[in-house]
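Asks: Input file: entry-v1.tsv. Contents: TSV, C-alpha atoms.
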chain	number	residue	atom	x	y	z
T	1	MET	CA	-13.26	19.46	29.97
T	2	SER	CA	-12.65	20.53	26.37
T	3	ARG	CA	-14.28	18.36	23.76
T	4	THR	CA	-11.92	19.53	21.02
T	5	TYR	CA	-8.51	18.22	20.05
T	6	THR	CA	-5.96	18.78	17.31
T	7	ALA	CA	-4.48	16.17	15.00
T	8	THR	CA	-2.38	15.94	11.88
T	9	GLY	CA	-3.35	13.31	9.36
T	10	ILE	CA	-3.79	12.14	5.79
T	11	VAL	CA	-7.17	11.25	4.32
T	12	LEU	CA	-7.24	7.62	3.20
T	13	LYS	CA	-10.94	7.09	2.62
T	14	GLY	CA	-13.94	9.32	2.07
T	15	MET	CA	-17.60	9.06	1.18
T	16	ALA	CA	-20.68	11.25	0.93
T	17	MET	CA	-22.86	11.45	4.01
T	18	GLY	CA	-26.28	13.07	4.09
T	19	GLU	CA	-26.98	15.98	1.77
T	20	SER	CA	-23.71	17.89	2.09
T	21	ASP	CA	-21.43	16.21	4.64
T	22	ARG	CA	-18.46	13.93	4.09
T	23	LEU	CA	-17.33	10.97	6.18
T	24	VAL	CA	-13.56	10.52	6.18
T	25	THR	CA	-11.03	8.08	7.56
T	26	ILE	CA	-7.72	9.71	8.44
T	27	LEU	CA	-4.37	8.25	9.47
T	28	SER	CA	-2.69	10.34	12.15
T	29	PRO	CA	0.88	9.68	13.34
T	30	ASP	CA	-0.20	10.36	16.94
T	31	ARG	CA	-3.77	9.04	17.07
T	32	GLY	CA	-3.84	6.25	14.51
T	33	LEU	CA	-7.05	5.92	12.51
T	34	LEU	CA	-9.70	8.61	12.94
T	35	ARG	CA	-13.22	8.46	11.50
T	36	ALA	CA	-14.96	11.80	11.44
T	37	VAL	CA	-17.72	13.75	9.76
T	38	VAL	CA	-16.85	16.94	7.88
T	39	PRO	CA	-20.04	19.05	8.05
T	40	GLY	CA	-20.93	20.82	4.82
T	41	ALA	CA	-17.74	19.71	3.07
T	42	ARG	CA	-19.60	19.06	-0.19
T	43	LYS	CA	-21.11	22.53	-0.38
T	44	PRO	CA	-19.57	24.65	-3.17
T	45	LYS	CA	-18.64	27.50	-0.82
T	46	SER	CA	-17.39	25.37	2.09
T	47	SER	CA	-13.93	26.32	3.37
T	48	LEU	CA	-13.29	22.60	3.91
T	49	ARG	CA	-14.16	21.59	0.37
T	50	GLY	CA	-11.09	20.05	-1.26
T	51	ARG	CA	-9.11	19.93	1.98
T	52	LEU	CA	-10.60	16.60	3.02
T	53	GLU	CA	-10.19	14.83	-0.30
T	54	LEU	CA	-8.12	11.66	-0.68
T	55	PHE	CA	-4.39	11.91	0.07
T	56	VAL	CA	-4.43	15.42	1.49
T	57	VAL	CA	-2.45	16.02	4.71
T	58	ASN	CA	-4.05	18.51	7.13
T	59	ASP	CA	-3.65	19.99	10.57
T	60	LEU	CA	-7.13	19.43	12.00
T	61	LEU	CA	-9.31	20.80	14.75
T	62	VAL	CA	-11.78	18.11	15.76
T	63	VAL	CA	-14.77	18.04	18.10
T	64	GLN	CA	-15.43	14.79	19.93
T	65	GLY	CA	-18.86	13.27	19.40
T	66	ARG	CA	-20.82	10.42	20.91
T	67	SER	CA	-20.54	8.20	17.85
T	68	LEU	CA	-18.50	10.21	15.34
T	69	ASP	CA	-16.13	13.14	15.78
T	70	ARG	CA	-16.51	16.28	13.65
T	71	VAL	CA	-13.79	18.12	11.77
T	72	ILE	CA	-14.44	21.85	12.10
T	73	GLN	CA	-11.15	23.23	10.80
T	74	ALA	CA	-8.44	22.01	8.44
T	75	GLU	CA	-5.21	23.63	7.34
T	76	THR	CA	-3.52	21.80	4.47
T	77	ARG	CA	0.12	20.85	5.01
T	78	GLU	CA	0.71	18.77	1.91
T	79	SER	CA	-1.43	17.48	-0.90
T	80	PHE	CA	-1.07	14.34	-2.95
T	81	ALA	CA	-4.41	15.10	-4.60
T	82	PRO	CA	-2.67	15.52	-8.02
T	83	LEU	CA	-2.44	11.71	-8.03
T	84	SER	CA	-6.12	11.73	-9.00
T	85	ARG	CA	-5.16	13.16	-12.41
T	86	ASP	CA	-3.28	9.95	-13.29
T	87	LEU	CA	-5.53	6.91	-13.07
T	88	ALA	CA	-2.68	4.40	-12.68
T	89	LYS	CA	-1.04	6.43	-9.91
T	90	LEU	CA	-4.38	6.87	-8.15
T	91	ALA	CA	-5.04	3.12	-8.27
T	92	ILE	CA	-1.57	2.42	-6.78
T	93	ALA	CA	-2.13	4.97	-4.00
T	94	GLN	CA	-5.54	3.47	-3.21
T	95	TYR	CA	-3.99	-0.02	-3.18
T	96	TRP	CA	-1.52	1.12	-0.50
T	97	ALA	CA	-4.29	2.93	1.38
T	98	GLU	CA	-6.32	-0.28	1.62
T	99	LEU	CA	-3.33	-2.06	3.17
T	100	VAL	CA	-2.70	0.82	5.58
T	101	LEU	CA	-6.34	0.89	6.72
T	102	THR	CA	-5.99	-2.74	7.79
T	103	LEU	CA	-2.46	-2.51	9.19
T	104	ALA	CA	-3.25	0.61	11.24
T	105	GLN	CA	-5.69	-1.42	13.35
T	106	SER	CA	-2.76	-3.30	14.92
T	107	ASP	CA	-1.07	-2.43	18.20
T	108	HIS	CA	1.99	-0.99	16.45
T	109	SER	CA	2.74	2.71	16.77
T	110	PRO	CA	1.16	4.49	13.77
T	111	ALA	CA	3.90	7.12	13.37
T	112	ASP	CA	6.26	4.92	11.33
T	113	LEU	CA	3.37	3.68	9.20
T	114	TYR	CA	2.28	7.26	8.53
T	115	HIS	CA	5.75	8.40	7.48
T	116	LEU	CA	6.34	5.28	5.39
T	117	LEU	CA	3.13	5.91	3.45
T	118	LEU	CA	4.06	9.55	2.88
T	119	GLN	CA	7.48	8.49	1.57
T	120	HIS	CA	5.94	6.21	-1.01
T	121	LEU	CA	3.24	8.70	-2.00
T	122	THR	CA	5.95	11.32	-2.55
T	123	LEU	CA	7.88	8.97	-4.83
T	124	LEU	CA	4.70	8.08	-6.69
T	125	THR	CA	3.75	11.74	-7.15
T	126	HIS	CA	7.15	12.54	-8.66
T	127	LEU	CA	7.16	9.51	-10.93
T	128	ASN	CA	7.31	10.54	-14.59
T	129	PRO	CA	3.82	10.21	-16.13
T	130	THR	CA	5.40	8.41	-19.09
T	131	ALA	CA	7.17	5.87	-16.87
T	132	SER	CA	7.04	2.31	-18.14
T	133	LEU	CA	4.65	-0.33	-16.86
T	134	ASP	CA	7.64	-2.10	-15.30
T	135	THR	CA	8.54	0.97	-13.25
T	136	ARG	CA	5.00	1.49	-11.98
T	137	VAL	CA	4.51	-2.14	-10.94
T	138	ALA	CA	7.96	-2.16	-9.31
T	139	GLN	CA	7.04	0.94	-7.30
T	140	LEU	CA	3.70	-0.55	-6.27
T	141	THR	CA	5.39	-3.78	-5.24
T	142	GLN	CA	8.07	-2.10	-3.18
T	143	GLY	CA	5.43	-0.14	-1.29
T	144	VAL	CA	3.51	-3.34	-0.53
T	145	ILE	CA	6.64	-5.09	0.74
T	146	HIS	CA	7.61	-2.20	3.03
T	147	LEU	CA	4.09	-1.98	4.44
T	148	LEU	CA	4.03	-5.72	5.14
T	149	HIS	CA	7.43	-5.42	6.83
T	150	TRP	CA	6.02	-2.67	9.05
T	151	GLY	CA	3.14	-4.93	10.02
T	152	GLY	CA	5.49	-7.83	10.78
T	153	ILE	CA	3.86	-10.15	8.25
T	154	ALA	CA	6.19	-9.90	5.24
T	155	PRO	CA	7.38	-13.28	3.97
T	156	GLN	CA	10.96	-14.43	4.46
T	157	TRP	CA	12.58	-14.22	1.03
T	158	ASP	CA	16.20	-15.14	1.81
T	159	LEU	CA	15.97	-18.40	3.76
T	160	CYS	CA	13.97	-21.59	3.36
T	161	CYS	CA	11.35	-21.59	6.12
T	162	VAL	CA	11.69	-25.38	6.46
T	163	THR	CA	15.44	-26.01	6.41
T	164	GLY	CA	16.84	-22.54	7.08
T	165	ALA	CA	19.08	-22.85	4.02
T	166	ALA	CA	19.94	-19.69	2.09
T	167	ILE	CA	17.98	-19.19	-1.11
T	168	ALA	CA	20.09	-17.98	-4.03
T	169	PRO	CA	18.09	-18.14	-7.27
T	170	PRO	CA	20.30	-19.10	-10.23
T	171	LEU	CA	19.58	-16.44	-12.87
T	172	ASP	CA	21.02	-18.70	-15.59
T	173	ASN	CA	18.41	-21.41	-14.95
T	174	PRO	CA	14.94	-20.28	-16.13
T	175	ARG	CA	13.39	-23.60	-15.06
T	176	TRP	CA	14.29	-23.07	-11.37
T	177	ARG	CA	11.32	-22.61	-9.03
T	178	VAL	CA	10.76	-22.07	-5.31
T	179	GLY	CA	7.53	-22.47	-3.33
T	180	LEU	CA	5.82	-19.96	-1.05
T	181	ASP	CA	3.89	-21.21	1.98
T	182	PHE	CA	1.44	-18.52	3.12
T	183	ASP	CA	0.96	-20.13	6.54
T	184	GLN	CA	4.68	-20.43	7.27
T	185	GLY	CA	5.28	-16.97	5.80
T	186	GLY	CA	8.28	-17.87	3.69
T	187	LEU	CA	9.87	-19.58	0.73
T	188	VAL	CA	10.35	-23.33	0.55
T	189	LEU	CA	13.09	-25.03	-1.44
T	190	LEU	CA	11.72	-27.75	-3.69
T	191	PRO	CA	10.85	-30.53	-3.44
T	192	ALA	CA	8.82	-29.45	-0.43
T	193	PRO	CA	8.07	-31.84	2.46
T	194	ALA	CA	4.64	-33.49	2.32
T	195	ALA	CA	3.45	-31.51	5.36
T	196	ILE	CA	4.13	-28.17	3.64
T	197	ARG	CA	1.57	-26.56	1.39
T	198	CYS	CA	2.96	-24.29	-1.32
T	199	HIS	CA	0.28	-21.72	-2.15
T	200	ALA	CA	2.35	-20.18	-4.96
T	201	TYR	CA	5.56	-20.69	-6.91
T	202	LEU	CA	8.14	-18.10	-7.95
T	203	THR	CA	10.60	-18.11	-10.83
T	204	ASN	CA	14.30	-17.39	-10.44
T	205	LEU	CA	13.86	-13.77	-11.61
T	206	GLU	CA	10.80	-13.13	-9.42
T	207	THR	CA	12.67	-14.43	-6.37
T	208	TYR	CA	15.74	-12.33	-7.12
T	209	LEU	CA	13.71	-9.15	-7.61
T	210	LEU	CA	11.79	-9.71	-4.38
T	211	GLN	CA	15.02	-10.18	-2.47
T	212	GLN	CA	16.36	-6.93	-3.94
T	213	LEU	CA	13.19	-4.94	-3.18
T	214	SER	CA	13.04	-6.24	0.38
T	215	GLN	CA	16.50	-4.84	1.10
T	216	THR	CA	15.95	-1.51	-0.66
T	217	HIS	CA	15.06	1.74	1.09
T	218	PRO	CA	11.89	3.45	-0.27
T	219	ASP	CA	13.88	6.15	-2.06
T	220	LEU	CA	16.20	3.61	-3.70
T	221	ILE	CA	13.77	1.58	-5.76
T	222	ALA	CA	15.36	-1.26	-7.68
T	223	SER	CA	15.88	-0.64	-11.38
T	224	PRO	CA	13.01	-2.10	-13.39
T	225	GLN	CA	15.50	-2.86	-16.16
T	226	LEU	CA	16.54	-5.86	-14.05
T	227	GLY	CA	13.23	-7.52	-14.73
T	228	SER	CA	10.42	-7.69	-17.23
T	229	THR	CA	6.77	-6.74	-17.22
T	230	LEU	CA	5.76	-10.38	-16.79
T	231	ALA	CA	8.11	-10.82	-13.82
T	232	TRP	CA	6.82	-7.70	-12.06
T	233	ARG	CA	3.20	-8.65	-12.74
T	234	GLY	CA	3.87	-12.13	-11.37
T	235	ILE	CA	5.37	-10.67	-8.19
T	236	GLU	CA	2.41	-8.32	-7.69
T	237	ARG	CA	-0.13	-11.14	-8.12
T	238	ILE	CA	1.67	-13.37	-5.61
T	239	LEU	CA	1.95	-10.56	-3.06
T	240	ARG	CA	-1.71	-9.73	-3.58
T	241	GLN	CA	-2.73	-13.34	-2.94
T	242	TYR	CA	-0.51	-13.48	0.14
T	243	THR	CA	-1.86	-10.21	1.54
T	244	GLN	CA	-5.50	-11.10	0.90
T	245	TYR	CA	-4.92	-14.49	2.53
T	246	HIS	CA	-3.63	-12.88	5.74
T	247	PHE	CA	-6.02	-9.91	5.78
T	248	GLY	CA	-9.09	-11.95	4.93
T	249	ASN	CA	-10.39	-9.38	2.46
T	250	VAL	CA	-10.02	-8.46	-1.21
T	251	ILE	CA	-7.87	-5.54	-2.36
T	252	ARG	CA	-10.49	-3.77	-4.44
T	253	SER	CA	-8.16	-1.27	-6.08
T	254	ALA	CA	-6.27	-4.15	-7.68
T	255	ALA	CA	-9.16	-4.74	-10.08
T	256	LEU	CA	-8.66	-1.29	-11.60
T	257	LEU	CA	-4.93	-1.90	-11.92
T	258	ASP	CA	-5.59	-5.17	-13.73
T	259	THR	CA	-7.73	-3.33	-16.25
T	260	LEU	CA	-5.14	-0.61	-16.79
T	261	PHE	CA	-2.29	-3.07	-17.16
T	262	ILE	CA	-4.20	-5.22	-19.65
T	263	GLU	CA	-4.86	-2.13	-21.77
T	264	GLU	CA	-1.12	-1.38	-21.91
T	265	PHE	CA	-0.05	-4.78	-23.21
Go through the file and emit its structure as C-alpha cells.
Replies:
Amino acid sequence: MSRTYTATGIVLKGMAMGESDRLVTILSPDRGLLRAVVPGARKPKSSLRGRLELFVVNDLLVVQGRSLDRVIQAETRESFAPLSRDLAKLAIAQYWAELVLTLAQSDHSPADLYHLLLQHLTLLTHLNPTASLDTRVAQLTQGVIHLLHWGGIAPQWDLCCVTGAAIAPPLDNPRWRVGLDFDQGGLVLLPAPAAIRCHAYLTNLETYLLQQLSQTHPDLIASPQLGSTLAWRGIERILRQYTQYHFGNVIRSAALLDTLFIEEF
C-alpha cells in the first residue's frame, strides 16, 4: 500500500524544527488540518524554502509517518505571503488563522471553511495599504463574524434571546444599550431578567454595524463611513471576548493589533 498522498492546502502555522526542518500546520479542503514536517525547508538551497511559509497555498505530495507526515514536494498555487510586508495585514491574517485552527477541529466539512478563509485573505491582500483604521478593523470584524457563523457559534444579533423580540437599535438615541449573554449566544433587551448574565453591552451604533456585517457577503464589506474608529474597536473587543470565552484560549495575534491601533490614534 502506498504511503504517499496528495493534498492541497494553505499554511496557517509554522515553526522551526531541528537544525533545518520546519513543522507546519496546513488547512486542506479535503483533509482538514494536517501537521507535517518539511525536511530541509530552512536550508538556503532547498526547493521547498518559501513554499511552506505562512499563507501560501500549495499542491502537496506527502509521505505518511508514524507520528508526523513529511512533505516531500510542493507546487505553489497561490501566495498570500505579501501580507507579511504589512504588519497590520499580517496581524489580521494571523488573527483569522488562530480562529480557523480551532474551528477546523470540529466535525464540519473543512471545504467551506477553507474557501471562506481564502476569500477574506484575498480581500485583505487587495486592501489599499493606506486604508483607514476603520476599514481595517471592519474587515477584521467581518472575517471573524463569518468564521463564527461557519462554526455555528455566532451570536444572534437580530432578536432578543430571551423574549424573541426584534432588536432595532435607534440611531438617534446614543444612550441606548443592549446586553450580550455569552452563554445564551445572543443579545438581550434591557432591563435583563435576573437569571440572565450580560457579559458585555453594545451601543446603538455597534449593534447596527454588527447586524449589517452579519448579513453582508465577504466581498461586500459594509462601508466603514457608517461608523467610527471607536465603534469598530468596541465591536472587535466584544467579539474577541466572546470568541475567547467559547474557545477557552487567548487570541494571541490580538495583542499585536492592539499595539498597532494604539500607535495610530
Asks: Could you pull the residues within 10 Å of Leu113 in chain T, counting all atoms listed in the file, minus those fewer than 5 positions along the same chain, as a ChimeraX atom specification?
Replies: /T:27-29,32,100,103-104,108,118-119,146-147,150-151
Asks: Taking into account all atoms listed in the file, which residue in the set T:Ile72, T:Arg42, T:Leu48, T:Leu159 is nearest to Ala7 in chain T?
Replies: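 Among the listed residues, T:Ile72 lies closest to Ala7 in chain T.
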Asks: Find the residue from T:Ile10, T:Ile238, T:Leu83, T:Ala231 that sits nearest to Asp134 in chain T; use only C-alpha atoms when measuring.
Replies: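 Nearest to Asp134 in chain T: T:Ala231.
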Asks: Considering only C-alpha atoms, state which residue in the set T:Val57, T:Leu12, T:Ala195, T:Ile92 is at the smallest distance from Arg136 in chain T.
Replies: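 So, comparing all the options, the nearest one is T:Ile92.
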Asks: Go through T:Leu205, T:Ala168, T:Leu116, T:Ala36 one by one, measure the shortest atom-to-atom distance of each to Trp96 in chain T using all atoms listed in the file, and give the residue with the smallest value.
Replies: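 Distance minimum relative to Trp96 in chain T lands on T:Leu116.
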Asks: Take every atom of range 64-81 of chain T listed in the file, fit an axis-aligned box around them, add 4 Å per side, and give the centre and edge lengths in Å to one decimal as lines of an AutoDock Vina configuration file.
Replies:
center_x = -10.1
center_y = 15.9
center_z = 8.2
size_x = 29.5
size_y = 23.4
size_z = 33.5
Asks: Please compute the CA of Thr203 in chain T-CA of Asn173 in chain T distance, one decimal, in Å.
Replies: 9.4 Å
Asks: Work out how far CA of Pro44 in chain T is from CA of Ser253 in chain T, in Å to one decimal.
Replies: 28.5 Å
Asks: Quick one: pull the distance between CA of Asp69 in chain T and CA of Val56 in chain T, Å, one decimal.
Replies: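 Those two atoms sit 18.6 Å apart.
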Asks: In terms of the shortest atom-to-atom distance over all atoms listed in the file, which of T:Tyr114, T:Trp157, T:Tyr201, T:Trp176 is closest to Leu33 in chain T?
Replies: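 Distance minimum relative to Leu33 in chain T lands on T:Tyr114.
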Asks: May I ask which of the residues T:Leu180, T:Leu61, T:Val11, T:Leu187 is the closest one to Leu23 in chain T, counting all atoms listed in the file?
Replies: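 Closest candidate: T:Val11.
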Asks: Near Leu140 in chain T, within 12 Å and counting all atoms listed in the file, which residues show up once chain neighbours fewer than 6 positions away are dropped, as a PyMOL selection string?
Replies: chain T and resi 88-97+99+117+120-121+123-124+127+133-134+146-147+213+218+221-222+224+232-233+235-237+239-240+253-254+257
